[in-house]
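Peer 1: Structure incoming, see below.
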2 protein chains.
Amino acid sequence: MSDTRDMTTVRALRWLDSQDSPAIEVLDQTRLPAVETVLTCTDVPQLVDAIKRLAVRGAPLLGVAGAYGVALAAARGDDVPAAAAALSGARPTAVNLAWGVGRALAAWRTTVERTGPVPGINTAAQAALAEAKAIAEADAAASAAMAEHGMELVGPGARILTHCNTGSLVSAGEGTAFAVILAAQRAGRLAKLWIDETRPLLQGARLTAWEARRAGIDHAILADSAAASLLASGQVDLVLTGADRIAADGSVANKVGTYGLAVLARRHDVPFVVVAPVSTVDLSTQDGAGIEVEFRAGEEVASLAGHPVAPAGTQAWNPAFDVTPPSLITAIVTERGLIKPVTAGNLQRLRAGAEDSTGPQPARYVER
Amino acid sequence: MSDTRDMTTVRALRWLDSQDSPAIEVLDQTRLPAVETVLTCTDVPQLVDAIKRLAVRGAPLLGVAGAYGVALAAARGDDVPAAAAALSGARPTAVNLAWGVGRALAAWRTTVERTGPVPGINTAAQAALAEAKAIAEADAAASAAMAEHGMELVGPGARILTHCNTGSLVSAGEGTAFAVILAAQRAGRLAKLWIDETRPLLQGARLTAWEARRAGIDHAILADSAAASLLASGQVDLVLTGADRIAADGSVANKVGTYGLAVLARRHDVPFVVVAPVSTVDLSTQDGAGIEVEFRAGEEVASLAGHPVAPAGTQAWNPAFDVTPPSLITAIVTERGLIKPVTAGNLQRLRAGAEDSTGPQPARYVER
């Protein structure tokens with residue numbers, strides 16, 4: 001991970017380089033903002049548990065975490081493919097997780113195949129670790145590029161509404177939507193940040209408010225269901241969210257509540273913009289209907305931190321994500337530029353460009 | 001209040017008839033579902049506090065509470081007009097509160113004017129109390145009538161989504177939207193009740209789930225922001241909510257989140273129906289823009305069930321209500337029949353009918 005981030009950013013995940021006992025440190029995001037606790041994962045089951053519990057979370061960081069998880073299994077001499085499968089399965093909707101896992105696994109496997117299993121084990125572990133580090137560095141660079149491209153959509157005095165948590169806690173850099181928000185703040189263009197509290201796990205109220213405060217941003221939280229009247233009141237110029245998975249048609253799976261927000265933004269003619277790295281685009285998923293949505297325990301809705309809010313035993317319907325159709329999305333901001341309008345063709349060209357890229361020059365997929 | 005309610009209903013408010021020290025008992029709804037505590041209000045400031053804290057809440061019950069509050073002030077020999085003003089001002093958006101207060105105050109004032117202040121004080125107090133009792137009885141009868149009319153819109157196997165809390169806790173009867181839900185349950189037509197948790201104060205998760213459980217209804221709660229994907233999934237046949245105030249054009253002020261739900265119901269072609277007594281219709285408020293929306297302390301959003309969820313000192317934007325335009329409302333169900341479509345003309349005829357009514361026959365304001 002980059003060491004160049006300023007004091008307002010957060011170290012959400014760190015690789016502990018030790019020949020004897022390598023480990024992955026993660027900030028336990030379930031305990032923020034009250035307590036800043038670091039969890040040390042010395043094996044993959046511990047990391048899988050941290051991912052499942054959402055102690056470590058957020059699309060880009062999950063890619064980084066998955067890759068480091070493979071490196072950890074390799075360094076320990078564990079069954080690397082089995083560890084990779086366990087990591088990928090920890091959050092089925094998060095395509096970045098499987099992507100990061102796959103990249104580190106491929107680096108490990110290529111090396112094993114080239115050098116043979118016995119002498120090559122150590123080299124292969126190093127290859128997996130190098131790949132994880134490269135993913136983390138690329139993620140930090142992608143954050144910076146997304147911020148730059150996203151700024152094209154931020155006018156002066158912007159009042160931005162965001163959902164969930166998309167900053168340094170979910171990235172090896174400054175994140176996705178929140179990276180744009182930080183850039184707007186630095187440029188003096190951010191008048192107000194509105195933060196949906198993001199039930200059930202309150203990532204907005206707990207985490208985004210915490211990051212906004214650290215960055216000195218003028219902000220206020222709101223109940224998710226108050227966003228409708230906030231939009232109706234004319235106090236929002238732009239809605240910015242992240243994405244967990246983007247299908248080939250441009251459908252976006254993101255934290256539950258995103259879809260409703262997109263419907264309301266459209267009703268009130270407020271641009272609804274998704275900020276996500278190219279790795280979030282999953283061309284193998286044809287459309288929104290093909291996105292598997294993770295359902296989580298009803299207990300998350302029926303209680304908070306062990307405190308019941310509903311009568312004991314109350315059932316809850318608790319999808320972690322929802323799916324927003326491309327017709328409601330004004331633009332998708334990636335590290336390679338803007339996609340506007342959001343069409344299958346523009347997404348395909350973006351992915352093709354990303355895979356064939358030979359230089360740092362960002363591509364643009366804007367139909368004027 | 002009626003004594004004929006069955007065991008599944010709740011005594012949310014009770015007048016304690018005592019010549020020496022009359023009082024109003026209210027179930028403290030802020031402590032449900034964990035604890036059932038009764039607050040005894042022996043003077044109006046205690047009742048005003050209970051109303052402000054939402055210990056007693058809900059449009060119809062606030063009308064009853066306001067009227068009993070005037071009766072209490074009169075019985076104690078307090079300054080009745082001053083007490084009435086304090087009661088009306090406790091919740092500015094709740095038109096029923098001011099309406100109930102106004103009715104009991106008028107009964108008191110008429111008697112004082114007829115009998116003169118000194119000998120008439122006791123008679124006037126009795127007149128205010130009789131008016132409060134009449135309001136409570138009419139409210140119970142209105143619940144039953146709303147349930148009957150609402151059933152016209154409930155098909156077999158109905159899956160109903162509701163927001164906030166609209167049952168016996170908010171009424172001297174079985175409530176508004178929840179009275180329809182109970183009638184559907186008794187008729188064997190209710191397949192599922194979906195309950196928005198209703199942040200920030202969780203009236204859905206805490207109170208509606210509690211009432212649904214007592215009534216043996218198959219139900220599940222959901223985060224408010226999950227309603228969008230629930231509607232998209234095709235698992236909702238009807239959305240039913242209450243109302244705090246209905247303007248002359250049919251705009252409905254109700255618990256924050258109602259407007260967003262109406263937008264989403266329309267997008268998914270699901271009927272969005274408001275159930276409210278005629279007293280909720282306020283012809284003196286011309287349209288939605290004229291409805292004063294109460295803003296409440298940010299602390300309600302920054303904490304959940306008494307536990308802080310955001311960093312200390314985080315600001316929150318916390319409107320208690322939002323306003324749904326008539327164009328999004330399929331029908332309004334009142335004790336005097338259905339209003340469909342929701343137009344200024346139909347509402348005017350309903351109010352005129354209610355004021356001129358000489359018998360129990362419900363009017364109908366349906367344009368086929």
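Residues are named by chain letter and number: chains run A, B, ... in the order of the structure tokens, numbers start at 1 in each chain, and ligands are numbered from 1 in the order shown.
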Using only C-alpha atoms, find each residue of chain B with at least one atom at most 7 Å away from an atom of chain A; report its shortest atom-to-atom pair and that distance in Å (one decimal), sort the rows by chain and rising residue number, and return the result as JSON lines.
Peer 2:
{"residue": "B:Pro33", "atom": "CA", "partner": "A:Pro311", "partner_atom": "CA", "distance": 5.8}
{"residue": "B:Arg199", "atom": "CA", "partner": "A:Ala223", "partner_atom": "CA", "distance": 6.1}
{"residue": "B:Pro200", "atom": "CA", "partner": "A:Ala223", "partner_atom": "CA", "distance": 6.2}
{"residue": "B:Ala205", "atom": "CA", "partner": "A:Ala310", "partner_atom": "CA", "distance": 4.9}
{"residue": "B:Arg206", "atom": "CA", "partner": "A:Ala310", "partner_atom": "CA", "distance": 4.7}
{"residue": "B:Ala209", "atom": "CA", "partner": "A:Ala310", "partner_atom": "CA", "distance": 6.9}
{"residue": "B:Trp210", "atom": "CA", "partner": "A:Pro311", "partner_atom": "CA", "distance": 6.1}
{"residue": "B:Ala220", "atom": "CA", "partner": "A:Ala316", "partner_atom": "CA", "distance": 4.8}
{"residue": "B:Ile221", "atom": "CA", "partner": "A:Ala316", "partner_atom": "CA", "distance": 4.6}
{"residue": "B:Leu222", "atom": "CA", "partner": "A:Trp317", "partner_atom": "CA", "distance": 5.2}
{"residue": "B:Ala223", "atom": "CA", "partner": "A:Arg199", "partner_atom": "CA", "distance": 6.1}
{"residue": "B:Asp224", "atom": "CA", "partner": "A:Ser225", "partner_atom": "CA", "distance": 6.1}
{"residue": "B:Ser225", "atom": "CA", "partner": "A:Gly257", "partner_atom": "CA", "distance": 4.3}
{"residue": "B:Ala226", "atom": "CA", "partner": "A:Gly257", "partner_atom": "CA", "distance": 5.8}
{"residue": "B:Ala228", "atom": "CA", "partner": "A:Gly260", "partner_atom": "CA", "distance": 5.1}
{"residue": "B:Ser229", "atom": "CA", "partner": "A:Asp322", "partner_atom": "CA", "distance": 6.0}
{"residue": "B:Val256", "atom": "CA", "partner": "A:Ala226", "partner_atom": "CA", "distance": 5.9}
{"residue": "B:Gly257", "atom": "CA", "partner": "A:Ser225", "partner_atom": "CA", "distance": 4.3}
{"residue": "B:Tyr259", "atom": "CA", "partner": "A:Ala228", "partner_atom": "CA", "distance": 6.7}
{"residue": "B:Gly260", "atom": "CA", "partner": "A:Ala228", "partner_atom": "CA", "distance": 5.1}
{"residue": "B:Val301", "atom": "CA", "partner": "A:Ala223", "partner_atom": "CA", "distance": 6.3}
{"residue": "B:Ala305", "atom": "CA", "partner": "A:Val309", "partner_atom": "CA", "distance": 6.6}
{"residue": "B:Val309", "atom": "CA", "partner": "A:Arg206", "partner_atom": "CA", "distance": 5.8}
{"residue": "B:Ala310", "atom": "CA", "partner": "A:Arg206", "partner_atom": "CA", "distance": 4.7}
{"residue": "B:Pro311", "atom": "CA", "partner": "A:Pro33", "partner_atom": "CA", "distance": 5.8}
{"residue": "B:Thr314", "atom": "CA", "partner": "A:Ala220", "partner_atom": "CA", "distance": 6.8}
{"residue": "B:Gln315", "atom": "CA", "partner": "A:Ala220", "partner_atom": "CA", "distance": 4.9}
{"residue": "B:Ala316", "atom": "CA", "partner": "A:Ile221", "partner_atom": "CA", "distance": 4.6}
{"residue": "B:Trp317", "atom": "CA", "partner": "A:Leu222", "partner_atom": "CA", "distance": 5.3}
{"residue": "B:Asn318", "atom": "CA", "partner": "A:Leu222", "partner_atom": "CA", "distance": 6.3}
{"residue": "B:Asp322", "atom": "CA", "partner": "A:Ser229", "partner_atom": "CA", "distance": 6.0}
Peer 1: Skip Leu328 in chain B itself and residues of its chain fewer than 6 positions away, then list as JSON, numbers by chain all residues within 8 Å of it, counting only C-alpha atoms.
Peer 2: {"B": [262, 263, 266, 272]}
Peer 1: Write out as a ChimeraX atom specification the set of residues from range 256-288 of chain B that DSSP, computed on the backbone, places in alpha helix (DSSP H).
Peer 2: /B:258-267
Peer 1: For CA of Asp287 in chain A and CA of Gly250 in chain A, determine how far apart the two atoms are, in Å to one decimal place.
Peer 2: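 Going from CA of Asp287 in chain A over to CA of Gly250 in chain A, I get 7.3 Å.
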Peer 1: DSSP on the backbone: which residues in range 4-164 of chain A end up as strand (DSSP E or B)? Give the answer as a count of residues only.
Peer 2: 18
Peer 1: Residues within 10 Å of range 83-89 of chain A, please, as a ChimeraX atom specification. Count only C-alpha atoms; anything in the same chain fewer than 4 positions from it doesn't count.
Peer 2: /A:43-45,47-49,51-52,62-63,65-67,69-74,78-79,93-102,104-105
Peer 1: Near Met146 in chain A, counting only C-alpha atoms, which residues have an atom at most 12 Å away, once you skip same-chain residues fewer than 2 positions from it, shown as an MDAnalysis selection string?
Peer 2: chainID A and resid 138:144 148:153 167 173:183 242 273:278 332:339 362
